[in-house]
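J.: Got a structure for you, entry-v2.cif, holding mmCIF, C-alpha atoms.
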```
data_upload
loop_
_atom_site.label_atom_id
_atom_site.label_comp_id
_atom_site.auth_asym_id
_atom_site.auth_seq_id
_atom_site.Cartn_x
_atom_site.Cartn_y
_atom_site.Cartn_z
CA MET P 1145 -160.54 44.69 -101.18
CA ASN P 1146 -163.59 46.92 -100.95
CA SER P 1147 -164.25 49.83 -103.30
CA GLN P 1148 -162.58 52.43 -101.09
CA GLN P 1149 -159.42 50.36 -100.70
CA ILE P 1150 -159.18 49.81 -104.46
CA LYS P 1151 -159.64 53.53 -105.17
CA GLN P 1152 -157.00 54.50 -102.61
CA THR P 1153 -154.47 52.06 -104.03
CA ASP P 1154 -155.24 53.27 -107.55
CA ALA P 1155 -154.65 56.87 -106.52
CA GLU P 1156 -151.32 55.94 -104.93
CA TYR P 1157 -149.83 53.89 -107.76
CA ILE P 1158 -151.56 54.55 -111.11
CA LEU P 1159 -150.81 57.61 -113.22
CA PRO P 1160 -153.91 59.85 -113.12
CA THR P 1161 -154.48 60.10 -116.87
CA TYR P 1162 -158.18 59.15 -116.68
CA ALA P 1163 -161.17 60.96 -115.19
CA ARG P 1164 -162.67 57.83 -113.70
CA PHE P 1165 -166.25 57.26 -112.60
CA ASN P 1166 -166.52 57.08 -108.83
CA LEU P 1167 -167.24 53.40 -109.24
CA CYS P 1168 -165.28 50.16 -108.83
CA LEU P 1169 -166.36 47.05 -110.74
CA VAL P 1170 -165.23 43.55 -109.82
CA LYS P 1171 -167.31 41.26 -112.01
CA GLY P 1172 -169.89 41.23 -114.75
CA LYS P 1173 -172.13 38.99 -116.80
CA GLY P 1174 -173.86 39.93 -120.01
CA CYS P 1175 -174.93 43.55 -119.66
CA THR P 1176 -174.75 43.75 -115.86
CA ALA P 1177 -171.75 44.68 -113.71
CA GLN P 1178 -171.25 44.45 -109.96
CA THR P 1179 -169.24 46.34 -107.33
CA PRO P 1180 -167.35 44.74 -104.42
CA GLU P 1181 -170.30 45.66 -102.21
CA GLY P 1182 -172.79 43.87 -104.47
CA ASP P 1183 -174.42 46.88 -106.17
CA THR P 1184 -175.34 46.16 -109.80
CA TYR P 1185 -175.36 48.39 -112.89
CA LEU P 1186 -176.83 48.05 -116.36
CA ASP P 1187 -174.16 48.70 -118.96
CA PHE P 1188 -174.72 51.05 -121.91
CA THR P 1189 -170.95 51.53 -122.47
CA SER P 1190 -169.48 48.07 -123.29
CA GLY P 1191 -166.06 49.38 -122.26
CA ILE P 1192 -166.22 52.16 -124.91
CA GLY P 1193 -167.59 49.78 -127.55
CA VAL P 1194 -165.23 46.90 -126.73
CA ASN P 1195 -167.35 44.25 -124.99
CA SER P 1196 -169.39 43.40 -128.07
CA LEU P 1197 -170.59 40.12 -126.53
CA GLY P 1198 -171.07 41.68 -123.10
CA TRP P 1199 -169.18 40.65 -119.98
CA CYS P 1200 -167.84 37.12 -119.68
CA ASP P 1201 -169.77 35.48 -122.52
CA ASP P 1202 -169.60 31.71 -121.92
CA GLU P 1203 -168.42 30.69 -125.39
CA TRP P 1204 -165.88 33.52 -125.57
CA ALA P 1205 -164.50 32.83 -122.09
CA ALA P 1206 -164.17 29.09 -122.82
CA ALA P 1207 -162.29 29.72 -126.08
CA VAL P 1208 -159.94 32.24 -124.44
CA ALA P 1209 -159.25 29.95 -121.47
CA ALA P 1210 -158.61 26.94 -123.70
CA GLN P 1211 -156.17 28.89 -125.88
CA ALA P 1212 -154.40 30.36 -122.84
CA ALA P 1213 -153.87 26.83 -121.54
CA THR P 1214 -152.56 25.65 -124.91
CA LEU P 1215 -150.35 28.37 -126.45
CA GLN P 1216 -150.52 31.93 -125.12
CA HIS P 1217 -147.87 33.69 -127.22
CA THR P 1218 -145.33 32.94 -129.94
CA SER P 1219 -144.49 36.30 -131.60
CA ASN P 1220 -145.00 36.66 -135.33
CA LEU P 1221 -141.90 34.62 -136.10
CA PHE P 1222 -144.13 31.52 -136.04
CA TYR P 1223 -147.44 30.53 -137.61
CA THR P 1224 -150.49 29.97 -135.38
CA GLU P 1225 -153.92 28.60 -136.19
CA PRO P 1226 -156.07 31.23 -134.37
CA ALA P 1227 -154.44 34.09 -136.28
CA THR P 1228 -154.78 32.45 -139.70
CA GLN P 1229 -158.40 31.54 -138.98
CA LEU P 1230 -159.17 35.12 -137.97
CA ALA P 1231 -157.39 36.59 -140.98
CA GLN P 1232 -159.31 34.32 -143.34
CA SER P 1233 -162.63 35.19 -141.70
CA LEU P 1234 -161.95 38.93 -141.81
CA CYS P 1235 -160.96 38.87 -145.47
CA GLN P 1236 -163.95 36.76 -146.44
CA ARG P 1237 -166.35 39.01 -144.47
CA THR P 1238 -165.00 42.25 -145.95
CA GLY P 1239 -163.69 41.32 -149.40
CA MET P 1240 -160.23 42.56 -148.44
CA ALA P 1241 -157.05 40.73 -149.42
CA LYS P 1242 -154.63 40.87 -146.46
CA VAL P 1243 -154.59 41.69 -142.73
CA PHE P 1244 -152.02 43.16 -140.34
CA PHE P 1245 -152.65 42.47 -136.65
CA GLY P 1246 -151.69 44.81 -133.82
CA ASN P 1247 -152.95 45.45 -130.30
CA SER P 1248 -155.21 48.49 -130.61
CA GLY P 1249 -157.01 50.87 -132.90
CA ALA P 1250 -154.10 53.28 -132.73
CA GLU P 1251 -151.74 50.55 -133.92
CA ALA P 1252 -154.10 49.62 -136.74
CA ASN P 1253 -154.26 53.26 -137.82
CA GLU P 1254 -150.46 53.58 -137.61
CA ALA P 1255 -150.20 50.63 -140.01
CA ALA P 1256 -152.66 52.28 -142.36
CA ILE P 1257 -150.77 55.60 -142.30
CA LYS P 1258 -147.43 53.90 -142.98
CA ALA P 1259 -148.92 51.78 -145.78
CA ALA P 1260 -150.53 54.79 -147.47
CA ARG P 1261 -147.28 56.74 -147.53
CA LYS P 1262 -145.25 53.76 -148.71
CA TYR P 1263 -147.78 52.97 -151.44
CA SER P 1264 -147.39 56.48 -152.87
CA LEU P 1265 -143.62 56.50 -152.41
CA ASP P 1266 -143.24 53.16 -154.21
CA LYS P 1267 -145.47 54.23 -157.08
CA TYR P 1268 -144.86 57.98 -157.44
CA GLY P 1269 -141.66 58.79 -155.54
CA GLU P 1270 -141.11 61.60 -153.04
CA GLY P 1271 -143.49 64.51 -152.50
CA ARG P 1272 -146.80 62.65 -152.22
CA SER P 1273 -147.27 62.01 -148.50
CA THR P 1274 -150.07 64.27 -147.21
CA ILE P 1275 -152.98 62.54 -145.48
CA ILE P 1276 -156.37 64.25 -145.26
CA THR P 1277 -158.46 63.64 -142.14
CA LEU P 1278 -161.65 65.32 -140.94
CA GLN P 1279 -162.32 67.92 -138.30
CA ASN P 1280 -163.75 66.34 -135.11
CA SER P 1281 -162.13 63.01 -135.97
CA PHE P 1282 -160.31 60.80 -133.48
CA HIS P 1283 -157.73 58.25 -134.64
CA GLY P 1284 -155.64 57.44 -131.56
CA ARG P 1285 -153.09 58.73 -129.05
CA THR P 1286 -149.74 57.77 -130.58
CA MET P 1287 -147.89 60.70 -132.13
CA ALA P 1288 -148.97 59.88 -135.68
CA THR P 1289 -152.59 59.05 -134.88
CA LEU P 1290 -152.83 62.00 -132.49
CA THR P 1291 -151.65 64.24 -135.31
CA ALA P 1292 -154.22 62.63 -137.60
CA THR P 1293 -156.94 63.43 -135.06
CA GLY P 1294 -158.78 66.57 -136.18
CA GLN P 1295 -159.52 68.05 -132.75
CA PRO P 1296 -157.35 70.91 -131.41
CA SER P 1297 -158.14 69.92 -127.80
CA PHE P 1298 -156.02 66.80 -128.26
CA HIS P 1299 -153.14 68.79 -129.78
CA GLN P 1300 -151.98 70.36 -126.53
CA HIS P 1301 -148.73 69.79 -124.64
CA PHE P 1302 -147.12 67.31 -127.04
CA GLY P 1303 -145.73 69.29 -129.97
CA PRO P 1304 -144.03 69.40 -132.32
CA PHE P 1305 -146.40 67.16 -134.26
CA LEU P 1306 -145.69 65.20 -137.41
CA PRO P 1307 -146.01 67.05 -140.71
CA GLY P 1308 -148.19 65.92 -143.56
CA PHE P 1309 -151.77 66.06 -142.23
CA VAL P 1310 -154.61 68.31 -143.40
CA TYR P 1311 -158.02 68.61 -141.69
CA LEU P 1312 -161.26 69.18 -143.61
CA PRO P 1313 -164.84 69.80 -142.47
CA ALA P 1314 -166.89 66.61 -142.55
CA ASN P 1315 -169.60 66.14 -145.19
CA ASP P 1316 -168.17 69.00 -147.32
CA ILE P 1317 -167.58 67.62 -150.81
CA THR P 1318 -166.46 70.99 -152.22
CA ALA P 1319 -163.70 71.29 -149.60
CA LEU P 1320 -162.63 67.74 -150.37
CA GLN P 1321 -162.37 68.42 -154.08
CA ALA P 1322 -160.21 71.49 -153.46
CA ALA P 1323 -157.92 69.67 -151.04
CA LEU P 1324 -157.10 66.70 -153.28
CA THR P 1325 -153.87 68.15 -154.61
CA PRO P 1326 -151.08 66.05 -156.22
CA GLY P 1327 -149.29 65.82 -152.85
CA VAL P 1328 -152.07 63.82 -151.17
CA CYS P 1329 -151.61 60.08 -150.68
CA ALA P 1330 -154.66 59.17 -148.56
CA VAL P 1331 -157.91 60.26 -146.95
CA MET P 1332 -158.77 58.79 -143.54
CA PHE P 1333 -162.29 59.01 -142.11
CA GLU P 1334 -164.65 57.51 -139.51
CA PRO P 1335 -168.13 56.60 -140.85
CA VAL P 1336 -169.44 57.84 -137.50
CA GLN P 1337 -167.27 60.27 -135.55
CA GLY P 1338 -167.50 58.84 -132.04
CA GLU P 1339 -165.28 61.06 -129.88
CA GLY P 1340 -166.28 63.95 -132.14
CA GLY P 1341 -169.88 63.85 -130.95
CA VAL P 1342 -171.35 60.69 -132.50
CA VAL P 1343 -171.80 62.34 -135.89
CA ALA P 1344 -172.49 60.11 -138.90
CA LEU P 1345 -171.05 61.00 -142.29
CA THR P 1346 -173.66 61.03 -145.05
CA ALA P 1347 -173.75 58.25 -147.62
CA GLU P 1348 -173.39 60.89 -150.33
CA TYR P 1349 -170.19 62.19 -148.79
CA GLN P 1350 -168.69 58.73 -148.35
CA GLN P 1351 -169.51 57.89 -151.97
CA ALA P 1352 -167.83 61.12 -153.07
CA LEU P 1353 -164.78 60.16 -151.01
CA GLN P 1354 -164.57 56.84 -152.81
CA SER P 1355 -165.05 58.32 -156.26
CA LEU P 1356 -162.54 61.16 -155.84
CA CYS P 1357 -159.94 58.90 -154.24
CA ASN P 1358 -160.28 56.33 -157.00
CA THR P 1359 -159.93 59.01 -159.68
CA ASN P 1360 -156.76 60.41 -158.10
CA ASP P 1361 -155.27 57.06 -156.97
CA VAL P 1362 -155.45 58.30 -153.39
CA LEU P 1363 -155.94 55.55 -150.82
CA LEU P 1364 -159.23 55.68 -148.90
CA ILE P 1365 -158.82 54.58 -145.26
CA ALA P 1366 -161.93 53.82 -143.22
CA ASP P 1367 -161.25 53.99 -139.48
CA GLU P 1368 -163.85 51.51 -138.23
CA VAL P 1369 -162.19 50.99 -134.87
CA GLN P 1370 -165.44 51.88 -133.11
CA THR P 1371 -168.02 51.50 -135.89
CA GLY P 1372 -166.87 48.10 -137.18
CA VAL P 1373 -167.59 44.50 -136.14
CA GLY P 1374 -171.38 44.83 -136.12
CA ARG P 1375 -171.71 47.98 -133.99
CA THR P 1376 -173.93 49.73 -136.58
CA GLY P 1377 -175.93 46.68 -137.70
CA THR P 1378 -173.62 45.69 -140.57
CA PHE P 1379 -170.15 44.20 -140.17
CA LEU P 1380 -168.64 47.46 -141.44
CA ALA P 1381 -170.49 50.75 -141.18
CA CYS P 1382 -169.25 51.82 -144.61
CA GLU P 1383 -171.25 48.95 -146.13
CA GLN P 1384 -174.35 51.07 -145.51
CA ALA P 1385 -172.94 53.78 -147.78
CA GLY P 1386 -172.16 51.21 -150.47
CA ILE P 1387 -168.42 51.88 -150.51
CA THR P 1388 -165.32 49.65 -150.33
CA PRO P 1389 -162.25 51.47 -148.93
CA ASP P 1390 -158.69 50.52 -149.78
CA ILE P 1391 -157.81 50.06 -146.10
CA VAL P 1392 -160.11 49.39 -143.15
CA THR P 1393 -158.97 49.49 -139.53
CA LEU P 1394 -160.66 47.56 -136.73
CA ALA P 1395 -160.15 47.08 -132.97
CA LYS P 1396 -162.46 47.55 -129.94
CA GLY P 1397 -165.34 45.09 -130.48
CA LEU P 1398 -163.17 42.67 -132.47
CA GLY P 1399 -161.66 41.14 -129.33
CA SER P 1400 -164.74 41.64 -127.11
CA GLY P 1401 -162.49 42.54 -124.20
CA LEU P 1402 -158.99 41.51 -125.24
CA PRO P 1403 -156.53 43.93 -126.94
CA ILE P 1404 -156.44 43.42 -130.69
CA GLY P 1405 -156.31 45.69 -133.72
CA ALA P 1406 -156.42 44.89 -137.42
CA ALA P 1407 -155.65 46.79 -140.60
CA LEU P 1408 -157.24 45.22 -143.67
CA PHE P 1409 -155.84 45.94 -147.14
CA ASN P 1410 -157.47 45.49 -150.53
CA GLN P 1411 -155.66 43.90 -153.45
CA LYS P 1412 -154.36 47.25 -154.72
CA CYS P 1413 -152.22 47.91 -151.67
CA ALA P 1414 -151.91 44.43 -150.15
CA GLY P 1415 -148.27 44.12 -151.21
CA THR P 1416 -147.14 47.48 -149.85
CA LEU P 1417 -145.88 46.41 -146.42
CA GLY P 1418 -143.39 43.59 -146.84
CA SER P 1419 -140.98 41.80 -144.52
CA GLY P 1420 -139.33 44.16 -142.06
CA THR P 1421 -141.41 47.23 -142.93
CA HIS P 1422 -143.79 46.96 -139.97
CA GLY P 1423 -144.37 44.75 -136.95
CA SER P 1424 -145.85 44.23 -133.50
CA THR P 1425 -144.52 41.84 -130.86
CA PHE P 1426 -147.92 41.05 -129.43
CA GLY P 1427 -149.86 41.37 -132.69
CA ALA P 1428 -151.87 38.27 -133.67
CA ASN P 1429 -151.60 36.97 -130.11
CA PRO P 1430 -153.24 33.50 -130.12
CA VAL P 1431 -155.41 34.16 -127.06
CA CYS P 1432 -156.73 37.46 -128.43
CA CYS P 1433 -157.34 35.87 -131.83
CA ALA P 1434 -159.22 32.97 -130.21
CA GLY P 1435 -161.60 35.46 -128.59
CA ALA P 1436 -162.00 37.38 -131.84
CA ASN P 1437 -162.83 34.18 -133.72
CA VAL P 1438 -165.77 33.65 -131.36
CA VAL P 1439 -166.98 37.20 -132.05
CA LEU P 1440 -166.86 36.71 -135.83
CA ASN P 1441 -168.64 33.37 -135.62
CA ARG P 1442 -171.46 35.01 -133.67
CA LEU P 1443 -171.99 37.87 -136.12
CA THR P 1444 -174.36 36.01 -138.42
CA PRO P 1445 -176.84 37.84 -140.68
CA ALA P 1446 -179.58 37.09 -138.17
CA PHE P 1447 -177.50 38.48 -135.30
CA LEU P 1448 -176.75 41.69 -137.23
CA ALA P 1449 -180.43 42.07 -138.15
CA GLU P 1450 -181.24 41.91 -134.43
CA VAL P 1451 -178.66 44.63 -133.75
CA THR P 1452 -180.52 46.88 -136.20
CA GLN P 1453 -183.87 46.07 -134.63
CA LYS P 1454 -182.57 46.78 -131.13
CA ALA P 1455 -180.93 49.98 -132.32
CA ASN P 1456 -184.24 51.19 -133.76
CA LEU P 1457 -185.99 50.33 -130.49
CA LEU P 1458 -183.42 52.24 -128.46
CA LYS P 1459 -183.43 55.31 -130.71
CA THR P 1460 -187.25 55.47 -130.80
CA GLY P 1461 -187.39 55.14 -127.03
CA LEU P 1462 -184.78 57.84 -126.51
CA LEU P 1463 -186.62 60.32 -128.72
CA ALA P 1464 -189.74 59.83 -126.61
CA LEU P 1465 -188.00 60.73 -123.34
CA PRO P 1466 -188.59 64.11 -121.66
CA GLY P 1467 -185.81 66.57 -122.32
CA VAL P 1468 -184.31 64.77 -125.32
CA ALA P 1469 -183.75 67.14 -128.24
CA SER P 1470 -182.17 64.80 -130.79
CA VAL P 1471 -180.42 61.48 -131.24
CA THR P 1472 -177.46 61.08 -133.60
CA GLY P 1473 -175.32 58.14 -134.70
CA LEU P 1474 -175.93 54.77 -136.26
CA GLY P 1475 -176.92 51.36 -134.92
CA LEU P 1476 -175.98 50.81 -131.29
CA MET P 1477 -173.71 53.85 -131.37
CA LEU P 1478 -175.88 56.78 -130.37
CA GLY P 1479 -175.45 60.32 -129.08
CA VAL P 1480 -178.18 62.18 -127.20
CA ASP P 1481 -178.68 65.96 -127.04
CA PHE P 1482 -180.88 67.52 -124.37
CA THR P 1483 -183.16 70.55 -124.02
CA ASN P 1484 -184.10 72.83 -121.11
CA GLY P 1485 -180.51 73.49 -120.08
CA LEU P 1486 -179.82 69.86 -119.29
CA THR P 1487 -176.20 68.86 -119.74
CA ALA P 1488 -175.02 65.42 -120.78
CA GLY P 1489 -172.62 65.37 -117.85
CA ALA P 1490 -175.42 65.92 -115.36
CA VAL P 1491 -177.53 63.22 -117.00
CA GLN P 1492 -174.61 60.79 -116.99
CA GLN P 1493 -173.89 61.28 -113.29
CA ALA P 1494 -177.56 61.04 -112.30
CA ALA P 1495 -178.01 57.91 -114.43
CA LEU P 1496 -175.02 56.36 -112.68
CA GLN P 1497 -176.70 56.98 -109.32
CA ASN P 1498 -179.78 55.23 -110.72
CA GLY P 1499 -177.83 52.18 -111.87
CA LEU P 1500 -177.06 52.89 -115.55
CA LEU P 1501 -173.58 53.26 -117.05
CA CYS P 1502 -173.33 55.78 -119.91
CA LEU P 1503 -170.55 57.71 -121.67
CA LEU P 1504 -169.97 61.23 -122.96
CA ALA P 1505 -168.92 62.56 -126.37
CA LYS P 1506 -168.43 66.32 -126.42
CA ASN P 1507 -171.81 67.74 -125.32
CA LYS P 1508 -173.75 64.50 -125.83
CA LEU P 1509 -174.60 61.44 -123.80
CA ARG P 1510 -173.00 58.53 -125.69
CA LEU P 1511 -174.59 55.09 -125.60
CA LEU P 1512 -172.68 51.99 -126.73
CA PRO P 1513 -174.47 48.98 -125.22
CA PRO P 1514 -173.15 45.47 -125.86
CA LEU P 1515 -174.45 43.98 -129.11
CA VAL P 1516 -176.05 41.16 -127.11
CA ILE P 1517 -178.26 43.50 -125.09
CA THR P 1518 -181.84 42.24 -124.91
CA THR P 1519 -184.99 44.20 -125.69
CA GLU P 1520 -185.92 43.90 -122.02
CA GLU P 1521 -182.60 45.43 -120.97
CA ILE P 1522 -183.10 48.27 -123.46
CA GLN P 1523 -186.50 48.97 -121.94
CA THR P 1524 -184.98 48.91 -118.45
CA GLY P 1525 -182.29 51.36 -119.55
CA LEU P 1526 -184.91 53.67 -121.05
CA GLN P 1527 -186.91 53.53 -117.82
CA ILE P 1528 -183.81 54.48 -115.82
CA LEU P 1529 -183.13 57.38 -118.20
CA GLN P 1530 -186.74 58.55 -117.94
CA LYS P 1531 -186.52 58.50 -114.13
CA THR P 1532 -183.19 60.31 -114.36
CA LEU P 1533 -184.48 63.03 -116.68
CA GLU P 1534 -187.64 63.57 -114.70
CA GLY P 1535 -185.54 63.99 -111.58
CA LEU P 1536 -183.41 66.65 -113.29
CA GLN P 1537 -186.28 68.74 -114.67
#
```
Hey, can you dump this file as structure tokens for me?
T.:
Amino acid sequence: MNSQQIKQTDAEYILPTYARFNLCLVKGKGCTAQTPEGDTYLDFTSGIGVNSLGWCDDEWAAAVAAQAATLQHTSNLFYTEPATQLAQSLCQRTGMAKVFFGNSGAEANEAAIKAARKYSLDKYGEGRSTIITLQNSFHGRTMATLTATGQPSFHQHFGPFLPGFVYLPANDITALQAALTPGVCAVMFEPVQGEGGVVALTAEYQQALQSLCNTNDVLLIADEVQTGVGRTGTFLACEQAGITPDIVTLAKGLGSGLPIGAALFNQKCAGTLGSGTHGSTFGANPVCCAGANVVLNRLTPAFLAEVTQKANLLKTGLLALPGVASVTGLGLMLGVDFTNGLTAGAVQQAALQNGLLCLLAKNKLRLLPPLVITTEEIQTGLQILQKTLEGLQ
């Protein structure tokens, strides 16, 4: 099928819940994707932060294919080696005690929400179930995680929403102190608010979160669905603030293209969810876990140091471009603001015409290149953006 045929079939049969690019991709390798007609594009999106090792990494593809030809699914009623290997690696990398596997970031956050409420119920009884999240946050599209999301634009059409969520301004320690009433069981936050405009929380604020939560025995949940697994130059972004949450959620880059989510629990709350209290039919799928094991094996200290170096190169290059007002974010998770009336949407569409794939986050251009992007590819991307911006001036 050519691009037009694929688009027509999509329009006929797939629910139109996505504002798609006018672009059809049929194959990719590394940081380059190709259309049915043979046009190529440099990728600064990694499937919204998912393809951490780029497209079709050789080692990843071999491990996934081998597992698919050996044992593709069992359900969680049986033990499998890929899942236990992944759980051990995640706990050893993060210092956490236990892992729950699901299929997405939303599922991981659902597990965290349920665990936080059960932890308080078990220990304190009824009346301690409120979860604090932050304005401009994004935690998923299930009813619970959508309610947890602190953006009114997502709270349309689907009410009534679940009770028990309070939204605070980010980086406001005074507001946090006032909100930590006896009815609160958890605080959930993203170290960098991706969908909220690629806004990083300050280290001071994250440290205050940890201290206040510890003092009040309120569980601290770090939603690292987008920031985790090396995206910011450390395995977890919250490492850079020097904090250790009670629960950490992961997804996106963990599977490097396959659906997997994980909720990691520290020793304090590791025993909260027991047999029958939570589950996921496809969670800990052996094929997805085999791919994730390759990702974790690749994220060595040297690899993560290179991510930081490449992130610094990209940010410095962006700030030197004409029309760029500021760059926000952390690591290879950046948001770009523009001057002179330029809009991120216009820049994104023009960059697409010039062969570069980018994303949007509110009024910013959002860049999430694969972690394996080379310095040469970063320079090529910057050159395309410079050409794009000059053409829009």
J.: Quick one: which region 1147-1234 of chain P residues come within 10 Å of region 1469-1481 of chain P, and what is the nearest atom pair for each with the distance in Å to one decimal, counting only C-alpha atoms, rows ordered by chain and ascending number, as JSON lines?
T.:
```
{"residue": "P:Phe1188", "atom": "CA", "partner": "P:Leu1476", "partner_atom": "CA", "distance": 9.5}
{"residue": "P:Thr1189", "atom": "CA", "partner": "P:Met1477", "partner_atom": "CA", "distance": 9.6}
{"residue": "P:Gly1193", "atom": "CA", "partner": "P:Met1477", "partner_atom": "CA", "distance": 8.3}
```
J.: In Å, how far is it from CA of Ile1391 (chain P) to CA of Leu1363 (chain P)?
T.: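 Spanning CA of Ile1391 (chain P) to CA of Leu1363 (chain P) is a straight-line distance of 7.5 Å.
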J.: As JSON, numbers by chain, please: the residues near region 1367-1374 of chain P (cut-off 9 Å, all atoms listed in the file, same-chain neighbours under 3 positions excluded).
T.: {"P": [1192, 1193, 1194, 1196, 1248, 1249, 1250, 1252, 1253, 1283, 1332, 1333, 1334, 1335, 1336, 1337, 1338, 1377, 1378, 1379, 1380, 1381, 1382, 1391, 1392, 1393, 1394, 1395, 1396, 1397, 1398, 1405, 1406, 1439, 1440, 1443, 1447, 1448, 1451, 1474, 1475, 1476, 1477, 1515]}
J.: What gap, in Å, lies between CA of Thr1425 (chain P) and CA of Glu1251 (chain P)?
T.: 11.7 Å
J.: As a list in words, please: the residues near Lys1454 (chain P) (cut-off 8 Å, only C-alpha atoms, same-chain neighbours under 2 positions excluded).
T.: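 That gives Glu1450, Val1451, Thr1452, Asn1456, Leu1457, Leu1458, Leu1476, Thr1518, Thr1519 and Ile1522 of chain P.
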